[in-house]
Amino acid sequence: MGNMLLFSLIAGLGSALLLYPFSRNKQQDSENTKKAFPAIMVTAVLVCMLSVFVFYYLTNRDLNFSSLWVFFILIAAAGAVLAKGKERIIKGILFLGSLLLGIYLLSAFLFNANEKYEIAKMATKTEIETFDETETPASVPPQFARNKMKKAFGQVPNTSYYELGNLQIQKVNGEYVYIAPVEFSGFFKWVNGDVTPGYFTISATDSSANPKFVKSEMSYTPSSYFNKKIERHIRMKYPKEIFYGDVQLEINDDGKPYYIRSFGEFVSARNGFDVRGVVVSDPANGEIESYNLNEVPEFIDGAVSPEAVSLQNSYYGNYIHGFWNSKFGKKDVKLPSDEGTEANVSPIFNENGEMFYFTDFTSPKEGVDSMLGYSLTNSRTGEATYYTGNLEESYMDSQGALQIIEKKFIEKKWNGKMPILYNFYGEASWLTPVLDANGFLQNYFIVSAANPEISVYGTTPNEALRLYKTALQRGGGSVDGSSKAEEKQISGTVLRVYKEKTGDATVVTFFLDNKKNYTISSDTSPLAIYLQEGDKVKVNYLDTGEVFLPAKELVIEGLE
């Protein structure tokens, strides 16, 4: 608060000196006017100081004098109009100087595009590593998780005081979870409640999991007011830092919540942003620490805000040949997708549990749904890699994948959310949760980015993966990467059978007397729908080492 008062005092004093007309007509320069001068100056200083203080207190803007440029122009213009003679000339020159400064700041984006591109420049690779099919991707869509949390809001004490805050994904104790704070629902609720009671958490991999409310009182939150508003509290501690992106809640492995916010610096002339670190605040007592990106605490996954990553993606895609090319020629320009779940990017985790922000890039040409590439940005370091994909093939972008889902379920009016590109079995593939009109999860849809005619859907990601493997084999595709497996044959007697309808096909899972499980789709073997316990069968399968081995061919004795 002291920094803001001092800043406002200096700005108010400077404004008063610019506004007050020191040169006056001698006939008007009476004794009364001279006596009134101190009172007029003090009043002017106080009014200007109060105006500056209120503006910066409400907006939480950085307290750098360069941020006063708009005030400088207006005050200088008013001072020049009120002054006379030589004073008017001097203040007129100050006004022109302030105007030139304003033009420079407003036009900076025209000249610093190359700097922005260099800051956002990414390493380049062809394809991401093959997904380990024994794992479960963090594929529960945030809309679905949020709906379940709202339905469990009765767990919150004094429910009428609060509402659900923003959702964020994080890895906690080795598990991927969504976290959402409980926030005040208005000013008077904040006055009466004083603290929020805690936060919700729910699995990001298991759609059948239920949300859990965790008690942890918080005083400094986004929905608090005055000095307990977390953004203002952080600004008071770091008055000159440049922040970009919203505050986000993260919890450590002990369940202790913290609010974090990314900070950095302008690229040039108060334009652009380059992330440098993160501030971490304890919402219970307000303690704050600042960390550079290379020293961020281990429990923080999203040190780089999704807004900052989205901005960097825009720089990388648009400014490869400067600003004007991004508007007219558009040579080599690629536009980042806006289908992400957080500020146009989607958080995903690799096999080591590291979080990345995913974005696909498409052509600026209208009506084209081919993907030019995709990027993964490390959420702790900000380091990014751009993947070109197989240049011999044309990949469909995320919008194209969503359109396929919309047409597939047009009668049910289901839509895809949160499309993520994976390398499944050596094939670039879109995995997309499908939700109904009420936001409830219905299935998981997988479609090949290079061959859109190859697509499947299942009730779980792993079921969809098993079906997708079969679909790739049926479609002549190769099953590579982690799915390289020897094809074998086995004969035996069926002990158990389980059949499940999935779309237009039936998935048949059976247990043989060799104590192993096999699965096959009726798309691959139509007669599999007649399989019964006690049948003698011959099975061609892939020895992948999974619990349920994928069968390529099934022959039922007596039905050949």
# chains A, B, ... in the order shown; residues from 1 in each chain; ligands from 1

call {"tool": "select_by_dssp", "arguments": {"residues": "region 330-460 of chain A", "states": "helix (DSSP H, G or I)", "output": "JSON, numbers by chain"}}
result
{"A": [398, 399, 400, 401, 402, 403, 404, 405, 406, 407, 408]}

call {"tool": "atom_distance", "arguments": {"atom1": "CA of Asp397 (chain A)", "atom2": "CA of Tyr422 (chain A)"}}
result
12.4 Å

call {"tool": "atom_distance", "arguments": {"atom1": "CA of Pro142 (chain A)", "atom2": "CA of Tyr425 (chain A)"}}
result
26.3 Å

call {"tool": "closest_residue", "arguments": {"among": "A:Ile446, A:Ala303, A:Met122, A:Leu74", "to": "Thr381 (chain A)", "atoms": "only C-alpha atoms"}}
result
A:Ala303

call {"tool": "atom_distance", "arguments": {"atom1": "CA of Ser491 (chain A)", "atom2": "CA of Asp513 (chain A)"}}
result
9.3 Å

call {"tool": "residues_around", "arguments": {"residues": "region 312-326 of chain A", "least_positions_apart": "5", "cutoff": "8 Å", "atoms": "only C-alpha atoms", "output": "ChimeraX atom specification"}}
result
/A:109-111,113-114,116-117,119-122,331-336,359,361

call {"tool": "write_last_selection", "arguments": {"atoms": "N, CA and C atoms", "output": "mmCIF file, in the first residue's frame"}}
result
data_model
loop_
_atom_site.group_PDB
_atom_site.id
_atom_site.type_symbol
_atom_site.label_atom_id
_atom_site.label_comp_id
_atom_site.auth_asym_id
_atom_site.auth_seq_id
_atom_site.Cartn_x
_atom_site.Cartn_y
_atom_site.Cartn_z
ATOM 1 N N PHE A 109 3.821 -2.797 -31.638
ATOM 2 C CA PHE A 109 3.520 -4.121 -32.194
ATOM 3 C C PHE A 109 3.859 -4.208 -33.684
ATOM 4 N N LEU A 110 3.975 -3.051 -34.340
ATOM 5 C CA LEU A 110 4.328 -3.046 -35.766
ATOM 6 C C LEU A 110 5.799 -3.349 -35.984
ATOM 7 N N PHE A 111 6.641 -3.117 -34.971
ATOM 8 C CA PHE A 111 8.082 -3.188 -35.156
ATOM 9 C C PHE A 111 8.779 -4.259 -34.331
ATOM 10 N N ALA A 113 7.722 -7.485 -33.940
ATOM 11 C CA ALA A 113 7.258 -8.840 -34.271
ATOM 12 C C ALA A 113 8.417 -9.821 -34.380
ATOM 13 N N ASN A 114 9.549 -9.377 -34.930
ATOM 14 C CA ASN A 114 10.708 -10.274 -35.053
ATOM 15 C C ASN A 114 11.241 -10.673 -33.681
ATOM 16 N N LYS A 116 9.458 -10.882 -30.953
ATOM 17 C CA LYS A 116 8.475 -11.817 -30.393
ATOM 18 C C LYS A 116 8.686 -13.214 -30.957
ATOM 19 N N TYR A 117 8.949 -13.294 -32.259
ATOM 20 C CA TYR A 117 9.163 -14.608 -32.879
ATOM 21 C C TYR A 117 10.399 -15.287 -32.303
ATOM 22 N N ILE A 119 11.689 -14.883 -29.370
ATOM 23 C CA ILE A 119 11.383 -15.317 -28.003
ATOM 24 C C ILE A 119 10.588 -16.619 -28.007
ATOM 25 N N ALA A 120 9.669 -16.732 -28.970
ATOM 26 C CA ALA A 120 8.765 -17.887 -29.010
ATOM 27 C C ALA A 120 9.295 -19.043 -29.850
ATOM 28 N N LYS A 121 10.467 -18.887 -30.447
ATOM 29 C CA LYS A 121 10.999 -19.904 -31.352
ATOM 30 C C LYS A 121 11.093 -21.267 -30.663
ATOM 31 N N MET A 122 10.688 -22.308 -31.387
ATOM 32 C CA MET A 122 10.610 -23.650 -30.812
ATOM 33 C C MET A 122 11.592 -24.605 -31.483
ATOM 34 N N LYS A 331 2.969 -15.721 -45.793
ATOM 35 C CA LYS A 331 3.868 -16.812 -46.155
ATOM 36 C C LYS A 331 4.306 -17.562 -44.899
ATOM 37 N N ASP A 332 4.138 -18.875 -44.906
ATOM 38 C CA ASP A 332 4.524 -19.773 -43.802
ATOM 39 C C ASP A 332 3.784 -19.489 -42.497
ATOM 40 N N VAL A 333 2.722 -18.687 -42.550
ATOM 41 C CA VAL A 333 1.942 -18.407 -41.342
ATOM 42 C C VAL A 333 1.101 -19.624 -40.975
ATOM 43 N N LYS A 334 1.042 -19.934 -39.688
ATOM 44 C CA LYS A 334 0.205 -21.025 -39.189
ATOM 45 C C LYS A 334 -0.530 -20.534 -37.952
ATOM 46 N N LEU A 335 -1.817 -20.789 -37.901
ATOM 47 C CA LEU A 335 -2.643 -20.251 -36.823
ATOM 48 C C LEU A 335 -2.846 -21.287 -35.724
ATOM 49 N N PRO A 336 -2.550 -20.934 -34.471
ATOM 50 C CA PRO A 336 -2.823 -21.864 -33.362
ATOM 51 C C PRO A 336 -4.315 -22.058 -33.174
ATOM 52 N N THR A 359 -1.152 -27.615 -28.436
ATOM 53 C CA THR A 359 -1.851 -26.757 -29.391
ATOM 54 C C THR A 359 -1.583 -27.280 -30.792
ATOM 55 N N PHE A 361 -1.760 -26.403 -34.961
ATOM 56 C CA PHE A 361 -1.702 -25.236 -35.838
ATOM 57 C C PHE A 361 -2.327 -25.581 -37.183
#

call {"tool": "closest_residue", "arguments": {"among": "A:Val267, A:Val191, A:Val508, A:Ile405", "to": "Phe226 (chain A)", "atoms": "only C-alpha atoms"}}
result
A:Val191

call {"tool": "closest_residue", "arguments": {"among": "A:Lys148, A:Arg276, A:Arg270, A:Lys536", "to": "Trp69 (chain A)", "atoms": "only C-alpha atoms"}}
result
A:Arg270

call {"tool": "residues_around", "arguments": {"residues": "region 306-309 of chain A", "least_positions_apart": "6", "cutoff": "9 Å", "atoms": "only C-alpha atoms", "output": "PyMOL selection string"}}
result
chain A and resi 244-246+262+273-275+342-347+357+377+379+382

call {"tool": "select_by_dssp", "arguments": {"residues": "region 71-241 of chain A", "states": "strand (DSSP E or B)", "output": "tab-separated table (two decimals) with N, CA, C and O atoms, in the first residue's frame"}}
result
chain	number	residue	atom	x	y	z
A	123	ALA	N	12.02	-25.61	-30.72
A	123	ALA	CA	12.75	-26.73	-31.32
A	123	ALA	C	11.78	-27.49	-32.22
A	123	ALA	O	10.57	-27.47	-31.99
A	124	THR	N	12.31	-28.16	-33.25
A	124	THR	CA	11.45	-28.85	-34.21
A	124	THR	C	11.73	-30.34	-34.24
A	124	THR	O	12.90	-30.76	-34.29
A	125	LYS	N	10.67	-31.14	-34.19
A	125	LYS	CA	10.76	-32.59	-34.33
A	125	LYS	C	9.66	-33.07	-35.26
A	125	LYS	O	8.78	-32.29	-35.65
A	162	TYR	N	-21.31	-19.52	-1.42
A	162	TYR	CA	-20.19	-19.82	-2.30
A	162	TYR	C	-20.63	-20.32	-3.68
A	162	TYR	O	-21.78	-20.68	-3.90
A	163	GLU	N	-19.65	-20.36	-4.58
A	163	GLU	CA	-19.81	-20.95	-5.91
A	163	GLU	C	-18.50	-21.60	-6.32
A	163	GLU	O	-17.46	-21.38	-5.68
A	164	LEU	N	-18.55	-22.38	-7.39
A	164	LEU	CA	-17.36	-23.12	-7.82
A	164	LEU	C	-16.45	-22.21	-8.64
A	164	LEU	O	-16.90	-21.50	-9.54
A	168	GLN	N	-8.67	-26.53	-12.78
A	168	GLN	CA	-7.31	-26.70	-13.28
A	168	GLN	C	-6.85	-28.13	-13.04
A	168	GLN	O	-7.17	-28.73	-12.00
A	169	ILE	N	-6.09	-28.67	-13.99
A	169	ILE	CA	-5.58	-30.03	-13.85
A	169	ILE	C	-4.19	-30.00	-13.22
A	169	ILE	O	-3.43	-29.05	-13.41
A	170	GLN	N	-3.87	-31.04	-12.45
A	170	GLN	CA	-2.57	-31.10	-11.77
A	170	GLN	C	-2.27	-32.55	-11.40
A	170	GLN	O	-3.16	-33.38	-11.28
A	171	LYS	N	-0.99	-32.84	-11.24
A	171	LYS	CA	-0.57	-34.14	-10.74
A	171	LYS	C	-0.30	-34.04	-9.25
A	171	LYS	O	0.52	-33.23	-8.82
A	172	VAL	N	-1.00	-34.84	-8.46
A	172	VAL	CA	-0.87	-34.82	-7.01
A	172	VAL	C	-0.67	-36.25	-6.52
A	172	VAL	O	-1.50	-37.12	-6.79
A	175	GLU	N	-1.12	-38.96	-9.07
A	175	GLU	CA	-2.41	-39.09	-9.76
A	175	GLU	C	-2.79	-37.78	-10.43
A	175	GLU	O	-2.51	-36.70	-9.91
A	176	TYR	N	-3.47	-37.88	-11.58
A	176	TYR	CA	-3.89	-36.69	-12.31
A	176	TYR	C	-5.30	-36.31	-11.85
A	176	TYR	O	-6.23	-37.12	-11.93
A	177	VAL	N	-5.43	-35.09	-11.37
A	177	VAL	CA	-6.70	-34.66	-10.80
A	177	VAL	C	-7.05	-33.25	-11.28
A	177	VAL	O	-6.17	-32.46	-11.66
A	178	TYR	N	-8.35	-32.96	-11.27
A	178	TYR	CA	-8.82	-31.60	-11.46
A	178	TYR	C	-9.03	-30.98	-10.08
A	178	TYR	O	-9.48	-31.64	-9.15
A	179	ILE	N	-8.70	-29.68	-9.98
A	179	ILE	CA	-8.86	-28.94	-8.74
A	179	ILE	C	-9.68	-27.70	-9.03
A	179	ILE	O	-9.47	-27.02	-10.04
A	180	ALA	N	-10.63	-27.39	-8.17
A	180	ALA	CA	-11.43	-26.17	-8.31
A	180	ALA	C	-11.69	-25.59	-6.93
A	180	ALA	O	-12.23	-26.27	-6.05
A	181	PRO	N	-11.32	-24.34	-6.71
A	181	PRO	CA	-11.56	-23.72	-5.40
A	181	PRO	C	-13.02	-23.35	-5.22
A	181	PRO	O	-13.75	-23.13	-6.19
A	182	VAL	N	-13.45	-23.28	-3.98
A	182	VAL	CA	-14.78	-22.74	-3.64
A	182	VAL	C	-14.61	-21.23	-3.47
A	182	VAL	O	-13.75	-20.79	-2.71
A	183	GLU	N	-15.41	-20.44	-4.20
A	183	GLU	CA	-15.27	-18.99	-4.20
A	183	GLU	C	-16.52	-18.31	-3.63
A	183	GLU	O	-17.61	-18.89	-3.63
A	184	PHE	N	-16.36	-17.06	-3.17
A	184	PHE	CA	-17.50	-16.28	-2.71
A	184	PHE	C	-18.41	-15.95	-3.90
A	184	PHE	O	-17.93	-15.68	-5.00
A	196	THR	N	-13.08	-18.65	2.54
A	196	THR	CA	-13.68	-19.75	1.80
A	196	THR	C	-13.28	-21.06	2.47
A	196	THR	O	-12.20	-21.17	3.04
A	197	PRO	N	-14.15	-22.09	2.40
A	197	PRO	CA	-13.90	-23.29	3.21
A	197	PRO	C	-12.93	-24.30	2.62
A	197	PRO	O	-12.46	-25.18	3.34
A	198	GLY	N	-12.63	-24.24	1.29
A	198	GLY	CA	-11.73	-25.24	0.74
A	198	GLY	C	-11.84	-25.37	-0.76
A	198	GLY	O	-12.16	-24.41	-1.46
A	199	TYR	N	-11.62	-26.59	-1.26
A	199	TYR	CA	-11.61	-26.82	-2.71
A	199	TYR	C	-12.10	-28.24	-3.01
A	199	TYR	O	-12.14	-29.11	-2.14
A	200	PHE	N	-12.46	-28.45	-4.28
A	200	PHE	CA	-12.86	-29.77	-4.76
A	200	PHE	C	-11.74	-30.39	-5.57
A	200	PHE	O	-10.95	-29.69	-6.22
A	201	THR	N	-11.68	-31.71	-5.53
A	201	THR	CA	-10.74	-32.44	-6.38
A	201	THR	C	-11.45	-33.67	-6.94
A	201	THR	O	-12.32	-34.26	-6.28
A	202	ILE	N	-11.09	-34.04	-8.19
A	202	ILE	CA	-11.70	-35.20	-8.84
A	202	ILE	C	-10.71	-35.77	-9.84
A	202	ILE	O	-9.88	-35.04	-10.40
A	203	SER	N	-10.75	-37.07	-10.05
A	203	SER	CA	-9.82	-37.74	-10.97
A	203	SER	C	-9.97	-37.20	-12.39
A	203	SER	O	-11.08	-36.95	-12.87
A	212	LYS	N	-14.36	-34.92	-4.48
A	212	LYS	CA	-14.12	-34.91	-3.04
A	212	LYS	C	-13.88	-33.47	-2.60
A	212	LYS	O	-13.08	-32.76	-3.20
A	213	PHE	N	-14.59	-33.05	-1.56
A	213	PHE	CA	-14.38	-31.72	-1.01
A	213	PHE	C	-13.32	-31.78	0.08
A	213	PHE	O	-13.38	-32.61	0.98
A	214	VAL	N	-12.32	-30.90	-0.03
A	214	VAL	CA	-11.22	-30.86	0.94
A	214	VAL	C	-11.31	-29.55	1.72
A	214	VAL	O	-11.29	-28.46	1.14
A	215	LYS	N	-11.40	-29.65	3.03
A	215	LYS	CA	-11.48	-28.45	3.87
A	215	LYS	C	-10.10	-27.80	3.99
A	215	LYS	O	-9.14	-28.45	4.40
A	216	SER	N	-10.04	-26.52	3.66
A	216	SER	CA	-8.80	-25.76	3.80
A	216	SER	C	-9.16	-24.29	3.66
A	216	SER	O	-9.31	-23.77	2.55
A	217	GLU	N	-9.32	-23.60	4.78
A	217	GLU	CA	-9.81	-22.22	4.75
A	217	GLU	C	-8.83	-21.29	4.05
A	217	GLU	O	-7.61	-21.37	4.25
A	218	MET	N	-9.38	-20.38	3.21
A	218	MET	CA	-8.58	-19.44	2.44
A	218	MET	C	-9.15	-18.04	2.59
A	218	MET	O	-10.34	-17.82	2.39
A	221	THR	N	-8.30	-14.74	-1.89
A	221	THR	CA	-8.84	-15.49	-3.02
A	221	THR	C	-9.23	-14.53	-4.15
A	221	THR	O	-9.35	-13.31	-3.93
A	229	LYS	N	-8.27	-9.46	-1.93
A	229	LYS	CA	-8.36	-9.99	-3.29
A	229	LYS	C	-6.96	-10.44	-3.69
A	229	LYS	O	-6.00	-9.65	-3.61

call {"tool": "residues_around", "arguments": {"residues": "Ile89 (chain A)", "least_positions_apart": "5", "cutoff": "12 Å", "atoms": "only C-alpha atoms", "output": "compact mmCIF listing (two decimals) with all heavy atoms, in the first residue's frame"}}
result
# COMPACT_ATOMS: atom_id res chain seq x y z
N SER A 23 1.60 31.34 -15.32
CA SER A 23 1.63 32.66 -15.96
C SER A 23 0.21 33.19 -16.04
O SER A 23 -0.66 32.59 -16.64
CB SER A 23 2.24 32.54 -17.36
OG SER A 23 1.51 31.62 -18.14
N ALA A 76 -0.99 16.92 -19.91
CA ALA A 76 -0.17 17.86 -20.66
C ALA A 76 -1.03 18.70 -21.60
O ALA A 76 -0.80 19.91 -21.77
CB ALA A 76 0.90 17.11 -21.45
N ALA A 77 -2.01 18.07 -22.23
CA ALA A 77 -2.91 18.81 -23.13
C ALA A 77 -3.72 19.84 -22.35
O ALA A 77 -3.84 21.01 -22.78
CB ALA A 77 -3.84 17.84 -23.85
N GLY A 79 -2.95 21.20 -19.45
CA GLY A 79 -2.03 22.23 -18.96
C GLY A 79 -1.68 23.24 -20.03
O GLY A 79 -1.60 24.45 -19.75
N ALA A 80 -1.48 22.78 -21.27
CA ALA A 80 -1.16 23.69 -22.37
C ALA A 80 -2.33 24.62 -22.68
O ALA A 80 -2.14 25.81 -22.99
CB ALA A 80 -0.77 22.90 -23.61
N VAL A 81 -3.54 24.11 -22.60
CA VAL A 81 -4.73 24.93 -22.88
C VAL A 81 -4.91 26.00 -21.80
O VAL A 81 -5.24 27.15 -22.10
CB VAL A 81 -5.98 24.03 -22.96
CG1 VAL A 81 -7.25 24.88 -23.00
CG2 VAL A 81 -5.91 23.13 -24.18
N LEU A 82 -4.67 25.66 -20.54
CA LEU A 82 -4.88 26.61 -19.44
C LEU A 82 -3.77 27.65 -19.34
O LEU A 82 -4.00 28.74 -18.82
CB LEU A 82 -5.00 25.84 -18.12
CG LEU A 82 -6.22 24.93 -17.95
CD1 LEU A 82 -6.09 24.12 -16.67
CD2 LEU A 82 -7.50 25.74 -17.96
N ALA A 83 -2.58 27.33 -19.82
CA ALA A 83 -1.44 28.24 -19.69
C ALA A 83 -1.49 29.36 -20.72
O ALA A 83 -2.27 29.32 -21.68
CB ALA A 83 -0.14 27.46 -19.81
N LYS A 84 -0.61 30.35 -20.53
CA LYS A 84 -0.52 31.49 -21.46
C LYS A 84 0.95 31.79 -21.76
O LYS A 84 1.84 31.41 -21.00
CB LYS A 84 -1.18 32.73 -20.85
CG LYS A 84 -2.67 32.58 -20.60
CD LYS A 84 -3.25 33.86 -20.01
CE LYS A 84 -4.73 33.71 -19.70
NZ LYS A 84 -5.53 33.42 -20.90
N LEU A 94 5.75 19.80 -24.17
CA LEU A 94 5.58 18.60 -23.34
C LEU A 94 4.43 17.74 -23.85
O LEU A 94 4.51 16.50 -23.87
CB LEU A 94 5.33 18.99 -21.88
CG LEU A 94 6.52 19.54 -21.10
CD1 LEU A 94 6.08 20.02 -19.72
CD2 LEU A 94 7.60 18.47 -20.97
N PHE A 95 3.35 18.41 -24.29
CA PHE A 95 2.21 17.67 -24.84
C PHE A 95 2.62 16.91 -26.11
O PHE A 95 2.27 15.74 -26.28
CB PHE A 95 1.06 18.62 -25.13
CG PHE A 95 -0.03 17.99 -25.97
CD1 PHE A 95 -0.82 16.97 -25.46
CD2 PHE A 95 -0.24 18.41 -27.28
CE1 PHE A 95 -1.82 16.38 -26.24
CE2 PHE A 95 -1.23 17.82 -28.05
CZ PHE A 95 -2.02 16.80 -27.53
N LEU A 96 3.35 17.59 -27.01
CA LEU A 96 3.80 16.92 -28.23
C LEU A 96 4.71 15.73 -27.91
O LEU A 96 4.62 14.68 -28.53
CB LEU A 96 4.53 17.92 -29.13
CG LEU A 96 3.66 19.00 -29.80
CD1 LEU A 96 4.52 19.98 -30.59
CD2 LEU A 96 2.62 18.35 -30.71

call {"tool": "residues_around", "arguments": {"residues": "Thr506 (chain A)", "least_positions_apart": "6", "cutoff": "6 Å", "atoms": "only C-alpha atoms", "output": "PyMOL selection string"}}
result
chain A and resi 500+521-522

call {"tool": "write_last_selection", "arguments": {"atoms": "all heavy atoms", "output": "JSON list (two decimals), in the first residue's frame"}}
result
[["chain", "number", "residue", "atom", "x", "y", "z"],
["A", 500, "GLU", "N", -20.30, -56.75, -25.45],
["A", 500, "GLU", "CA", -20.70, -55.36, -25.20],
["A", 500, "GLU", "C", -20.91, -54.65, -26.53],
["A", 500, "GLU", "O", -20.04, -54.67, -27.41],
["A", 500, "GLU", "CB", -19.64, -54.64, -24.38],
["A", 500, "GLU", "CG", -20.03, -53.22, -24.02],
["A", 500, "GLU", "CD", -18.99, -52.55, -23.14],
["A", 500, "GLU", "OE1", -17.88, -53.10, -23.02],
["A", 500, "GLU", "OE2", -19.28, -51.46, -22.60],
["A", 521, "SER", "N", -13.55, -57.67, -32.13],
["A", 521, "SER", "CA", -14.74, -56.93, -32.54],
["A", 521, "SER", "C", -15.49, -57.68, -33.63],
["A", 521, "SER", "O", -14.88, -58.38, -34.45],
["A", 521, "SER", "CB", -14.35, -55.54, -33.06],
["A", 521, "SER", "OG", -15.45, -54.90, -33.65],
["A", 522, "SER", "N", -16.82, -57.55, -33.65],
["A", 522, "SER", "CA", -17.61, -58.18, -34.70],
["A", 522, "SER", "C", -17.31, -57.58, -36.06],
["A", 522, "SER", "O", -17.61, -58.17, -37.09],
["A", 522, "SER", "CB", -19.11, -58.04, -34.39],
["A", 522, "SER", "OG", -19.48, -56.68, -34.34]]

call {"tool": "residues_around", "arguments": {"residues": "Asn350 (chain A)", "least_positions_apart": "6", "cutoff": "12 Å", "atoms": "only C-alpha atoms", "output": "list of chain:residue names"}}
result
A:Ile128, A:Glu129, A:Thr130, A:Phe131, A:Asp132, A:Glu135, A:Thr136, A:Pro137, A:Ala138, A:Lys171, A:Tyr176, A:Phe356, A:Tyr357, A:Phe358, A:Leu376, A:Thr377, A:Asn378, A:Ser379, A:Tyr422, A:Asn423

call {"tool": "closest_residue", "arguments": {"among": "A:Gly92, A:Gly272, A:Gly534, A:Gly255", "to": "Phe299 (chain A)", "atoms": "only C-alpha atoms"}}
result
A:Gly255

call {"tool": "decode", "arguments": {"residues": "region 36-93 of chain A", "atoms": "C-alpha atoms", "output": "compact mmCIF listing (two decimals), in the first residue's frame"}}
result
# COMPACT_ATOMS: atom_id res chain seq x y z
CA ALA A 36 -5.22 31.15 -2.71
CA PHE A 37 -2.28 29.58 -4.60
CA PRO A 38 -1.24 27.09 -1.85
CA ALA A 39 -4.83 25.93 -1.34
CA ILE A 40 -5.36 25.52 -5.09
CA MET A 41 -2.13 23.53 -5.47
CA VAL A 42 -2.89 21.29 -2.52
CA THR A 43 -6.40 20.65 -3.85
CA ALA A 44 -5.06 19.87 -7.33
CA VAL A 45 -2.44 17.50 -5.93
CA LEU A 46 -4.99 15.69 -3.76
CA VAL A 47 -7.52 15.34 -6.58
CA CYS A 48 -4.90 14.06 -9.03
CA MET A 49 -3.36 11.79 -6.40
CA LEU A 50 -6.76 10.33 -5.48
CA SER A 51 -7.62 9.74 -9.15
CA VAL A 52 -4.35 7.90 -9.80
CA PHE A 53 -4.65 5.87 -6.59
CA VAL A 54 -8.23 4.77 -7.31
CA PHE A 55 -7.36 3.80 -10.90
CA TYR A 56 -4.35 1.68 -9.95
CA TYR A 57 -6.04 0.19 -6.89
CA LEU A 58 -9.01 -0.99 -8.95
CA THR A 59 -7.05 -2.20 -11.99
CA ASN A 60 -4.01 -3.73 -10.19
CA ARG A 61 -1.83 -2.26 -12.93
CA ASP A 62 1.96 -2.24 -12.57
CA LEU A 63 3.37 0.83 -10.80
CA ASN A 64 5.88 1.78 -13.49
CA PHE A 65 5.83 5.43 -14.58
CA SER A 66 5.62 4.30 -18.22
CA SER A 67 2.10 3.07 -17.42
CA LEU A 68 1.06 6.72 -16.87
CA TRP A 69 1.44 7.64 -20.53
CA VAL A 70 -2.29 8.14 -21.14
CA PHE A 71 -2.57 10.39 -18.06
CA PHE A 72 0.53 12.25 -19.22
CA ILE A 73 -1.04 13.07 -22.61
CA LEU A 74 -4.34 14.24 -21.10
CA ILE A 75 -2.74 16.32 -18.32
CA ALA A 76 -0.17 17.86 -20.66
CA ALA A 77 -2.91 18.81 -23.13
CA ALA A 78 -5.05 20.39 -20.39
CA GLY A 79 -2.03 22.23 -18.96
CA ALA A 80 -1.16 23.69 -22.37
CA VAL A 81 -4.73 24.93 -22.88
CA LEU A 82 -4.88 26.61 -19.44
CA ALA A 83 -1.44 28.24 -19.69
CA LYS A 84 -0.52 31.49 -21.46
CA GLY A 85 2.50 32.92 -23.23
CA LYS A 86 5.84 31.14 -22.93
CA GLU A 87 4.40 28.70 -20.41
CA ARG A 88 1.91 27.54 -23.04
CA ILE A 89 4.77 26.97 -25.49
CA ILE A 90 6.71 24.93 -22.94
CA LYS A 91 3.67 22.86 -21.95
CA GLY A 92 2.74 22.53 -25.62
CA ILE A 93 6.16 20.98 -26.27
